[in-house]
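Asks: So here's target25.txt (compact mmCIF, C-alpha atoms and all ligand atoms).
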# COMPACT_ATOMS: atom_id res chain seq x y z
CA MET X 200 19.03 27.11 11.83
CA PRO X 201 15.62 25.50 11.35
CA THR X 202 14.77 22.75 13.78
CA PRO X 203 14.86 19.44 11.94
CA SER X 204 11.45 17.80 11.89
CA VAL X 205 11.38 14.86 14.23
CA ALA X 206 10.59 11.61 12.52
CA VAL X 207 8.00 9.76 14.50
CA ARG X 208 7.82 6.03 14.30
CA VAL X 209 4.21 5.13 13.99
CA VAL X 210 2.41 1.94 13.43
CA LEU X 211 -0.95 3.01 12.23
CA THR X 212 -3.89 1.03 13.26
CA LEU X 213 -7.35 1.77 12.12
CA ALA X 214 -9.23 0.07 14.88
CA GLY X 215 -12.25 2.08 15.75
CA LEU X 216 -12.03 4.40 12.76
CA SER X 217 -15.32 4.92 11.08
CA LEU X 218 -15.33 4.33 7.36
CA ALA X 219 -18.75 5.84 6.96
CA SER X 220 -17.36 9.12 5.70
CA ALA X 221 -15.25 7.60 2.92
CA PRO X 222 -16.94 8.31 -0.38
CA SER X 223 -17.32 5.30 -2.60
CA TRP X 224 -15.79 5.24 -6.03
CA GLY X 225 -18.15 4.41 -8.83
CA ALA X 226 -20.66 1.62 -8.78
CA ASP X 227 -17.79 -0.83 -8.86
CA ALA X 228 -16.21 0.03 -5.55
CA PRO X 229 -16.35 -2.80 -3.06
CA ALA X 230 -17.11 -2.25 0.58
CA ALA X 231 -13.89 -1.91 2.52
CA THR X 232 -13.21 -5.32 3.93
CA ALA X 233 -10.34 -6.91 5.73
CA SER X 234 -8.98 -9.95 4.03
CA SER X 235 -6.58 -12.45 5.47
CA VAL X 236 -2.98 -12.40 4.39
CA SER X 237 -2.81 -15.45 2.20
CA GLU X 238 -6.31 -15.40 0.80
CA THR X 239 -6.43 -15.96 -2.92
CA SER X 240 -8.96 -16.73 -5.59
CA PHE X 241 -6.83 -19.70 -6.67
CA PRO X 242 -7.72 -23.13 -5.37
CA ALA X 243 -5.46 -24.20 -2.51
CA PRO X 244 -2.07 -24.91 -4.07
CA THR X 245 -0.74 -28.43 -4.09
CA SER X 246 2.50 -29.13 -2.26
CA ALA X 247 4.13 -29.88 -5.62
CA GLN X 248 3.19 -26.39 -6.84
CA LEU X 249 4.55 -24.78 -3.68
CA GLN X 250 7.78 -26.76 -4.00
CA ALA X 251 8.14 -25.77 -7.65
CA GLY X 252 7.41 -22.15 -6.63
CA ALA X 253 10.06 -22.26 -3.90
CA LYS X 254 12.56 -23.44 -6.49
CA VAL X 255 11.77 -20.56 -8.82
CA ALA X 256 11.96 -18.17 -5.86
CA GLN X 257 15.65 -19.01 -5.45
CA THR X 258 16.27 -16.84 -8.50
CA CYS X 259 14.23 -14.00 -6.96
CA ALA X 260 15.58 -14.23 -3.43
CA ALA X 261 18.56 -11.92 -3.84
CA CYS X 262 16.16 -9.02 -4.30
CA HIS X 263 12.78 -10.07 -2.89
CA GLY X 264 14.00 -12.38 -0.10
CA ILE X 265 13.36 -16.13 -0.05
CA ASP X 266 10.30 -15.49 2.14
CA GLY X 267 9.21 -12.51 0.04
CA ASN X 268 10.06 -9.96 2.71
CA ALA X 269 12.58 -7.91 0.75
CA THR X 270 15.01 -6.25 3.14
CA SER X 271 16.08 -3.49 0.79
CA THR X 272 13.58 -0.71 0.19
CA GLU X 273 14.39 -0.79 -3.54
CA PHE X 274 12.59 -4.10 -3.92
CA PRO X 275 8.90 -4.63 -3.22
CA LYS X 276 7.81 -7.18 -0.65
CA LEU X 277 5.92 -10.03 -2.26
CA ALA X 278 5.06 -12.06 0.85
CA GLY X 279 1.34 -12.41 1.45
CA GLN X 280 0.50 -10.56 -1.77
CA HIS X 281 -2.53 -11.94 -3.58
CA ALA X 282 -1.45 -14.64 -6.02
CA ASP X 283 -3.64 -13.35 -8.85
CA TYR X 284 -2.07 -9.91 -8.58
CA LEU X 285 1.46 -11.38 -8.70
CA VAL X 286 0.52 -13.48 -11.74
CA LYS X 287 -0.88 -10.43 -13.52
CA GLN X 288 2.24 -8.36 -12.81
CA LEU X 289 4.61 -11.06 -14.07
CA HIS X 290 2.60 -11.28 -17.30
CA ASP X 291 2.53 -7.48 -17.57
CA TYR X 292 6.35 -7.39 -17.41
CA ARG X 293 6.40 -9.44 -20.61
CA ILE X 294 5.70 -8.00 -24.03
CA ALA X 295 2.17 -8.96 -25.05
CA LYS X 296 1.59 -10.20 -28.60
CA GLY X 297 1.49 -7.25 -30.98
CA ALA X 298 2.68 -4.73 -28.33
CA LYS X 299 5.83 -2.63 -28.73
CA HIS X 300 6.76 -2.60 -25.07
CA PRO X 301 5.65 -4.33 -21.88
CA ALA X 302 2.70 -2.84 -19.98
CA ARG X 303 5.06 -2.50 -17.00
CA VAL X 304 8.53 -1.27 -17.85
CA ASN X 305 11.41 -2.22 -15.58
CA ALA X 306 14.65 -3.52 -17.06
CA ILE X 307 15.30 -6.06 -14.32
CA MET X 308 11.79 -7.46 -14.13
CA ASN X 309 11.25 -7.44 -17.89
CA GLY X 310 14.30 -9.69 -18.14
CA MET X 311 13.25 -11.93 -15.23
CA ALA X 312 9.67 -12.41 -16.44
CA ALA X 313 10.76 -13.23 -19.98
CA THR X 314 12.58 -16.33 -18.73
CA LEU X 315 9.60 -17.77 -16.81
CA THR X 316 7.02 -20.19 -18.18
CA ASP X 317 3.34 -19.64 -17.38
CA ALA X 318 3.46 -22.56 -14.94
CA GLN X 319 6.50 -21.09 -13.17
CA ILE X 320 4.71 -17.75 -12.88
CA ARG X 321 1.70 -19.43 -11.29
CA ASP X 322 3.82 -21.52 -8.91
CA VAL X 323 6.08 -18.72 -7.73
CA ALA X 324 3.04 -16.47 -7.24
CA LEU X 325 1.33 -19.14 -5.14
CA TYR X 326 4.52 -19.68 -3.17
CA TYR X 327 5.04 -15.98 -2.35
CA SER X 328 1.36 -15.41 -1.58
CA ARG X 329 1.64 -18.06 1.13
CA GLN X 330 4.63 -16.51 2.91
CA THR X 331 4.01 -14.47 6.04
CA PHE X 332 4.17 -10.76 5.36
CA LYS X 333 6.24 -8.61 7.68
CA PRO X 334 4.57 -5.21 7.76
CA GLY X 335 6.54 -2.00 7.77
CA VAL X 336 6.40 1.27 9.60
CA ALA X 337 5.92 4.84 8.47
CA PHE X 338 8.59 7.40 9.19
CA ALA X 339 7.19 10.83 8.69
CA ASP X 340 6.28 13.98 10.46
CA LYS X 341 2.81 14.21 11.89
CA LYS X 342 1.61 16.76 9.38
CA GLU X 343 2.54 14.58 6.44
CA LEU X 344 0.88 11.53 7.97
CA LYS X 345 -2.27 13.53 8.61
CA LEU X 346 -2.41 14.50 4.95
CA GLY X 347 -1.73 10.89 3.94
CA GLN X 348 -4.47 9.61 6.20
CA ALA X 349 -6.97 12.13 4.87
CA ILE X 350 -6.25 11.02 1.29
CA TRP X 351 -6.41 7.35 2.22
CA MET X 352 -9.72 7.68 4.03
CA ALA X 353 -11.54 10.33 2.02
CA GLY X 354 -9.63 10.92 -1.21
CA ILE X 355 -9.03 14.42 -2.54
CA PRO X 356 -12.54 15.67 -3.31
CA ASP X 357 -11.56 18.83 -5.18
CA ARG X 358 -9.41 16.78 -7.57
CA ALA X 359 -11.90 13.92 -7.83
CA VAL X 360 -9.36 11.49 -6.38
CA PRO X 361 -11.22 8.60 -4.74
CA ALA X 362 -10.43 7.28 -1.27
CA CYS X 363 -7.76 4.60 -1.42
CA VAL X 364 -9.57 2.72 1.32
CA SER X 365 -12.49 1.98 -0.98
CA CYS X 366 -10.36 -0.44 -3.00
CA HIS X 367 -7.24 -1.18 -0.98
CA GLY X 368 -9.14 -1.67 2.30
CA PRO X 369 -8.76 -0.14 5.74
CA GLY X 370 -5.50 -1.89 6.60
CA GLY X 371 -4.29 -1.78 3.01
CA ALA X 372 -4.74 -5.53 2.58
CA GLY X 373 -6.55 -5.12 -0.73
CA MET X 374 -8.89 -7.76 -2.03
CA PRO X 375 -7.85 -11.03 -3.66
CA SER X 376 -8.17 -11.09 -7.44
CA ARG X 377 -9.01 -7.37 -7.62
CA TYR X 378 -6.87 -5.05 -5.52
CA PRO X 379 -3.31 -5.57 -4.33
CA ARG X 380 -2.15 -5.31 -0.77
CA ILE X 381 -0.22 -2.09 -0.34
CA GLY X 382 -0.36 -1.60 3.44
CA GLY X 383 3.07 -2.11 5.00
CA GLN X 384 4.89 -2.00 1.65
CA TRP X 385 8.03 0.17 1.39
CA GLN X 386 7.22 3.87 1.16
CA GLY X 387 9.78 4.48 -1.58
CA TYR X 388 8.38 1.69 -3.72
CA LEU X 389 4.78 2.89 -3.36
CA GLU X 390 5.80 6.43 -4.22
CA MET X 391 7.77 5.24 -7.26
CA GLU X 392 4.82 3.21 -8.56
CA LEU X 393 2.42 6.12 -8.19
CA GLN X 394 4.87 8.26 -10.17
CA MET X 395 5.13 5.52 -12.81
CA PHE X 396 1.34 5.25 -13.14
CA ARG X 397 1.23 9.01 -13.54
CA ASN X 398 4.05 9.18 -16.10
CA ASP X 399 2.73 6.21 -18.09
CA ARG X 400 5.81 4.12 -17.43
CA ARG X 401 3.41 1.64 -15.85
CA THR X 402 0.44 1.32 -18.17
CA ASN X 403 -1.26 -1.75 -16.77
CA SER X 404 -3.98 0.03 -14.81
CA PRO X 405 -6.11 2.78 -16.36
CA GLU X 406 -7.78 3.37 -12.99
CA MET X 407 -4.47 3.90 -11.13
CA HIS X 408 -3.20 6.11 -13.97
CA ASP X 409 -6.30 8.22 -13.62
CA ILE X 410 -5.92 8.50 -9.86
CA ALA X 411 -2.16 9.23 -9.83
CA SER X 412 -2.38 11.79 -12.60
CA ARG X 413 -4.63 13.92 -10.44
CA MET X 414 -2.26 13.97 -7.47
CA THR X 415 0.61 16.34 -6.68
CA ASP X 416 4.08 15.12 -5.70
CA LYS X 417 3.39 16.16 -2.14
CA GLN X 418 0.13 14.22 -1.99
CA ILE X 419 1.79 11.14 -3.49
CA THR X 420 4.62 11.25 -0.95
CA ALA X 421 2.21 11.67 1.95
CA VAL X 422 -0.19 8.88 1.03
CA ALA X 423 2.70 6.49 0.28
CA GLU X 424 4.10 7.30 3.71
CA TYR X 425 0.77 6.62 5.37
CA ALA X 426 0.22 3.35 3.48
CA ALA X 427 3.69 2.11 4.44
CA GLY X 428 2.69 2.21 8.09
CA LEU X 429 -0.65 0.48 7.67
CA ARG X 430 -1.35 -2.99 8.91
CA ALA X 431 -4.14 -5.29 7.96
CA PRO X 432 -6.40 -6.01 10.94
CA SER X 433 -5.16 -9.62 11.01
CA GLU X 434 -1.62 -8.36 11.60
CA LEU X 435 -2.29 -5.96 14.45
CA PRO X 436 -0.23 -6.74 17.51
CA ARG X 437 -2.38 -8.32 20.17
C1 LIG Z 501 17.86 -8.04 -9.33
C2 LIG Z 501 16.70 -7.81 -8.49
C3 LIG Z 501 15.43 -8.56 -8.78
C4 LIG Z 501 15.27 -9.92 -9.01
C5 LIG Z 501 16.35 -11.00 -9.07
C6 LIG Z 501 13.84 -10.13 -9.13
N1 LIG Z 501 13.17 -8.96 -8.98
FE1 LIG Z 501 11.14 -8.71 -9.00
N2 LIG Z 501 11.36 -6.71 -8.77
C7 LIG Z 501 12.56 -6.03 -8.72
C8 LIG Z 501 12.31 -4.61 -8.77
C9 LIG Z 501 13.35 -3.51 -8.75
C10 LIG Z 501 10.90 -4.43 -8.85
C11 LIG Z 501 10.11 -3.13 -8.98
C12 LIG Z 501 10.02 -2.86 -10.47
C13 LIG Z 501 8.98 -1.86 -10.90
O1 LIG Z 501 8.98 -0.73 -10.42
O2 LIG Z 501 8.16 -2.22 -11.76
C14 LIG Z 501 10.34 -5.78 -8.84
C15 LIG Z 501 8.98 -6.05 -8.91
C16 LIG Z 501 8.43 -7.30 -8.92
C17 LIG Z 501 7.01 -7.58 -8.89
C18 LIG Z 501 5.90 -6.56 -8.83
C19 LIG Z 501 5.50 -6.38 -7.38
C20 LIG Z 501 4.30 -5.48 -7.15
O3 LIG Z 501 3.99 -5.22 -5.98
O4 LIG Z 501 3.67 -5.04 -8.12
C21 LIG Z 501 6.86 -8.94 -8.90
C22 LIG Z 501 5.57 -9.72 -8.89
C23 LIG Z 501 8.20 -9.51 -8.93
N3 LIG Z 501 9.12 -8.50 -8.93
C24 LIG Z 501 8.45 -10.87 -8.94
C25 LIG Z 501 9.72 -11.41 -9.09
C26 LIG Z 501 9.97 -12.83 -9.26
C27 LIG Z 501 8.90 -13.91 -9.25
C28 LIG Z 501 11.33 -12.98 -9.40
C29 LIG Z 501 12.11 -14.25 -9.63
C30 LIG Z 501 11.69 -15.07 -10.75
C31 LIG Z 501 11.92 -11.64 -9.31
N4 LIG Z 501 10.91 -10.72 -9.12
C32 LIG Z 501 13.27 -11.37 -9.36
C33 LIG Z 501 13.81 -6.62 -8.62
C34 LIG Z 501 14.08 -7.97 -8.78
C1 LIG Z 502 -11.02 1.89 -7.96
C2 LIG Z 502 -10.15 1.09 -7.13
C3 LIG Z 502 -8.85 1.73 -6.66
C4 LIG Z 502 -8.70 2.88 -5.92
C5 LIG Z 502 -9.78 3.82 -5.42
C6 LIG Z 502 -7.28 2.98 -5.64
N1 LIG Z 502 -6.60 1.95 -6.22
FE1 LIG Z 502 -4.61 1.64 -6.18
N2 LIG Z 502 -4.80 -0.03 -7.34
C7 LIG Z 502 -5.98 -0.48 -7.85
C8 LIG Z 502 -5.73 -1.63 -8.70
C9 LIG Z 502 -6.75 -2.44 -9.48
C10 LIG Z 502 -4.32 -1.83 -8.69
C11 LIG Z 502 -3.53 -2.93 -9.43
C12 LIG Z 502 -3.18 -2.46 -10.81
C13 LIG Z 502 -2.43 -3.49 -11.60
O1 LIG Z 502 -3.04 -4.43 -12.08
O2 LIG Z 502 -1.21 -3.39 -11.71
C14 LIG Z 502 -3.77 -0.80 -7.82
C15 LIG Z 502 -2.42 -0.65 -7.56
C16 LIG Z 502 -1.88 0.32 -6.75
C17 LIG Z 502 -0.47 0.46 -6.44
C18 LIG Z 502 0.65 -0.44 -6.95
C19 LIG Z 502 0.91 -1.56 -5.96
C20 LIG Z 502 2.14 -2.39 -6.25
O3 LIG Z 502 2.39 -3.35 -5.48
O4 LIG Z 502 2.86 -2.12 -7.20
C21 LIG Z 502 -0.35 1.53 -5.61
C22 LIG Z 502 0.93 2.08 -5.02
C23 LIG Z 502 -1.68 2.06 -5.38
N3 LIG Z 502 -2.59 1.31 -6.08
C24 LIG Z 502 -1.97 3.16 -4.57
C25 LIG Z 502 -3.23 3.72 -4.43
C26 LIG Z 502 -3.48 4.93 -3.66
C27 LIG Z 502 -2.45 5.71 -2.89
C28 LIG Z 502 -4.83 5.19 -3.78
C29 LIG Z 502 -5.60 6.38 -3.25
C30 LIG Z 502 -5.12 7.69 -3.66
C31 LIG Z 502 -5.40 4.13 -4.60
N4 LIG Z 502 -4.39 3.26 -4.97
C32 LIG Z 502 -6.73 4.02 -4.92
C33 LIG Z 502 -7.25 0.02 -7.58
C34 LIG Z 502 -7.53 1.16 -6.86
If you took the structure in this file and wrote it as structure tokens, what would it be?
Ligand code: HEC
Ligand code: HEC

Replies:
Amino acid sequence: MPTPSVAVRVVLTLAGLSLASAPSWGADAPAATASSVSETSFPAPTSAQLQAGAKVAQTCAACHGIDGNATSTEFPKLAGQHADYLVKQLHDYRIAKGAKHPARVNAIMNGMAATLTDAQIRDVALYYSRQTFKPGVAFADKKELKLGQAIWMAGIPDRAVPACVSCHGPGGAGMPSRYPRIGGQWQGYLEMELQMFRNDRRTNSPEMHDIASRMTDKQITAVAEYAAGLRAPSELPR
């Protein structure tokens, strides 16, 4: 009988890791920077907006949690996500004028987004972006995490896959208005989204389609596992 691989519980920190070796991706790639959890390109929300957002969030809470820290791995965590990214996704779940299907296909979310006004989308996004994110942990064997880390930090050179760190940042915190936070998100969700980008079920990001379509299942699983255990520098235990 083969020995079952022991799942190690790791909280990955990147303190002290040099980013110098990570190749940059195109002229557009930003320097890897740490951004604070609730940073957003929106002006500071008014308390009326946050209250309105909290009210909308009551209809989301069963799946995403009232504080945005979904407890079931089927549902993405929204807490601390950049507000602009959340706004974009909620619009992408709707059918744009002249389009046959939404840019992001998911029966539940297509239905939810269709019922929201633009103002409700903005308010609920602001509300969730201001909630404190509870990061996750990676459960994987060491070999898989090593592969995931290599892809995160340096990409997959022979497949021209860029380093994830160049856009999503060292702790996976992303960059407001441009790149979503993915560090500490559920592994299963990250893996599913990479598959959806690849299979054109999620067509709202040509760059992520391009990246995912050049990855194998094994590479997708490994990098999703690694990202799930990442923490933004501001969230590292002191
Ligand atoms: C019945 C469960 C359910 C409810 C209720 C629900 N969601 Fe979702 N939500 C999901 C699932 C499942 C996904 C992942 C779908 C996918 O793969 O595209 C998701 C994805 C999202 C995403 C994309 C997250 C990301 O990281 O890209 C946003 C934003 C979102 N939901 C916001 C909301 C808001 C706002 C509400 C309330 C108005 C809401 N959801 C209500 C199940 C739900
Ligand atoms: C050139 C910049 C760039 C690089 C490099 C990059 N991403 Fe992304 N990624 C994005 C952008 C932009 C989005 C948001 C797309 C959208 O609007 O829905 C995104 C979204 C995602 C999402 C969906 C997040 C969610 O909440 O649904 C995942 C998962 C993801 N990226 C994983 C990766 C992985 C893994 C790598 C490395 C193999 C990587 N990305 C490299 C720019 C990048």

Asks: Counting only C-alpha atoms and all ligand atoms, figure out which residue out of X:Ser412, X:Asn398, X:Ser376, X:Ser365 gets nearest to ligand LIG 502 (chain Z).

Replies: X:Ser365

Asks: For the point (-7.3, 13.0, -5.8) in file coordinates, what residues are within 10 Å, counting all atoms listed in the file? Give the answer as an MDAnalysis selection string?

Replies: chainID X and resid 350:351 353:363 409:415 418:419

Asks: Create the file for the chosen residues now, containing C-alpha atoms and written as a CSV table (one decimal), keeping the file's coordinate frame.

Replies:
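Done, and the output landed in again02.csv:
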chain,number,residue,atom,x,y,z
X,350,ILE,CA,-6.2,11.0,1.3
X,351,TRP,CA,-6.4,7.4,2.2
X,353,ALA,CA,-11.5,10.3,2.0
X,354,GLY,CA,-9.6,10.9,-1.2
X,355,ILE,CA,-9.0,14.4,-2.5
X,356,PRO,CA,-12.5,15.7,-3.3
X,357,ASP,CA,-11.6,18.8,-5.2
X,358,ARG,CA,-9.4,16.8,-7.6
X,359,ALA,CA,-11.9,13.9,-7.8
X,360,VAL,CA,-9.4,11.5,-6.4
X,361,PRO,CA,-11.2,8.6,-4.7
X,362,ALA,CA,-10.4,7.3,-1.3
X,363,CYS,CA,-7.8,4.6,-1.4
X,409,ASP,CA,-6.3,8.2,-13.6
X,410,ILE,CA,-5.9,8.5,-9.9
X,411,ALA,CA,-2.2,9.2,-9.8
X,412,SER,CA,-2.4,11.8,-12.6
X,413,ARG,CA,-4.6,13.9,-10.4
X,414,MET,CA,-2.3,14.0,-7.5
X,415,THR,CA,0.6,16.3,-6.7
X,418,GLN,CA,0.1,14.2,-2.0
X,419,ILE,CA,1.8,11.1,-3.5

Asks: Which residue out of X:Gln394, X:Gln319, X:Asn305, X:Gln384 has the minimum interatomic distance to ligand LIG 501 (chain Z) when all atoms listed in the file are used?

Replies: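 Selected residue with least distance to ligand LIG 501 (chain Z): X:Asn305.
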
Asks: Mind checking which residues fall within 8 Å of region 243-251 of chain X, counting all atoms listed in the file, ignoring those fewer than 5 positions away in the same chain, and posting them as an MDAnalysis selection string?

Replies: chainID X and resid 319 322:323 325:326

Asks: Provide the CA of Ala427 (chain X) to atom C31 of ligand LIG 501 (chain Z) distance in Å, to one decimal place.

Replies: 21.1 Å

Asks: Please determine an axis-aligned box that encloses all atoms of ligand LIG 502 (chain Z) listed in the file, with 5 Å added on each side, and express its centre and edge lengths in Å to one decimal as AutoDock Vina command-line options.

Replies:
--center_x -4.1 --center_y 1.6 --center_z -7.5 --size_x 23.9 --size_y 22.1 --size_z 19.2

Asks: Can you pull out every residue with an atom within 6 Å of ligand LIG 501 (chain Z)? Use all atoms listed in the file and format it as a PyMOL selection string.

Replies: chain X and resi 255-256+258-259+261-262+273-275+285+288-289+305+307-308+311+323

Asks: Given the choices X:Pro405, X:Gly335, X:Gly382, X:Gly310, which gets closest to His367 (chain X) if the distance is worked out from all atoms listed in the file?

Replies: X:Gly382

Asks: Find the distance between CA of Asn268 (chain X) and CA of Arg329 (chain X) and write it in Å to one decimal.

Replies: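 CA of Asn268 (chain X) sits 11.8 Å away from CA of Arg329 (chain X).
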
Asks: Using only C-alpha atoms and all ligand atoms, which residue out of X:Gly428, X:Pro242, X:Pro379, X:Gly387 lies closest to ligand LIG 502 (chain Z)?

Replies: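 Counting only C-alpha atoms and all ligand atoms, the residue closest to ligand LIG 502 (chain Z) is X:Pro379.
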
Asks: Which one of X:Thr314, X:Asn309, X:Thr270, X:Gln280 sits closest to ligand LIG 502 (chain Z) if you count all atoms listed in the file?

Replies: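 Nearest to ligand LIG 502 (chain Z): X:Gln280.
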
Asks: So the first atom is CA of Phe332 (chain X) and the second is CA of Leu315 (chain X); what is the distance between them in Å, to one decimal place?

Replies: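 A separation of 23.9 Å between them.
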
Asks: Near Lys287 (chain X), counting only C-alpha atoms, which residues have an atom at most 10 Å away, once you skip same-chain residues fewer than 4 positions from it, shown as a list in words?

Replies: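 Neighbouring residues, sequence-local ones excluded: Ala282, Asp283, Asp291, Tyr292, Ile320, Arg321, Ala324, Ser376 and Asn403 of chain X.
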
Asks: Identify which of the residues X:Met374, X:Ala421, X:Ala339, X:Cys366 lies closest to ligand LIG 502 (chain Z), counting all atoms listed in the file when measuring atom-to-atom distances.

Replies: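 Of X:Met374, X:Ala421, X:Ala339, X:Cys366, the one nearest ligand LIG 502 (chain Z) is X:Cys366, counting all atoms listed in the file.
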
Asks: Please work out which residues fall within 9 Å of (-1.7, -6.9, 0.9), coordinates as given in the file, with only C-alpha atoms counting, and return them as a PDB file with C-alpha atoms, in the coordinates of the input.

Replies:
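Output file out-v1.pdb is given in full below:
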ATOM      1  CA  SER X 234      -8.980  -9.950   4.030  1.00  0.00           C
ATOM      2  CA  SER X 235      -6.580 -12.450   5.470  1.00  0.00           C
ATOM      3  CA  VAL X 236      -2.980 -12.400   4.390  1.00  0.00           C
ATOM      4  CA  SER X 237      -2.810 -15.450   2.200  1.00  0.00           C
ATOM      5  CA  LEU X 277       5.920 -10.030  -2.260  1.00  0.00           C
ATOM      6  CA  ALA X 278       5.060 -12.060   0.850  1.00  0.00           C
ATOM      7  CA  GLY X 279       1.340 -12.410   1.450  1.00  0.00           C
ATOM      8  CA  GLN X 280       0.500 -10.560  -1.770  1.00  0.00           C
ATOM      9  CA  HIS X 281      -2.530 -11.940  -3.580  1.00  0.00           C
ATOM     10  CA  PHE X 332       4.170 -10.760   5.360  1.00  0.00           C
ATOM     11  CA  HIS X 367      -7.240  -1.180  -0.980  1.00  0.00           C
ATOM     12  CA  GLY X 370      -5.500  -1.890   6.600  1.00  0.00           C
ATOM     13  CA  GLY X 371      -4.290  -1.780   3.010  1.00  0.00           C
ATOM     14  CA  ALA X 372      -4.740  -5.530   2.580  1.00  0.00           C
ATOM     15  CA  GLY X 373      -6.550  -5.120  -0.730  1.00  0.00           C
ATOM     16  CA  MET X 374      -8.890  -7.760  -2.030  1.00  0.00           C
ATOM     17  CA  PRO X 375      -7.850 -11.030  -3.660  1.00  0.00           C
ATOM     18  CA  TYR X 378      -6.870  -5.050  -5.520  1.00  0.00           C
ATOM     19  CA  PRO X 379      -3.310  -5.570  -4.330  1.00  0.00           C
ATOM     20  CA  ARG X 380      -2.150  -5.310  -0.770  1.00  0.00           C
ATOM     21  CA  ILE X 381      -0.220  -2.090  -0.340  1.00  0.00           C
ATOM     22  CA  GLY X 382      -0.360  -1.600   3.440  1.00  0.00           C
ATOM     23  CA  GLY X 383       3.070  -2.110   5.000  1.00  0.00           C
ATOM     24  CA  GLN X 384       4.890  -2.000   1.650  1.00  0.00           C
ATOM     25  CA  ARG X 430      -1.350  -2.990   8.910  1.00  0.00           C
ATOM     26  CA  ALA X 431      -4.140  -5.290   7.960  1.00  0.00           C
TER      27      ALA X 431
END
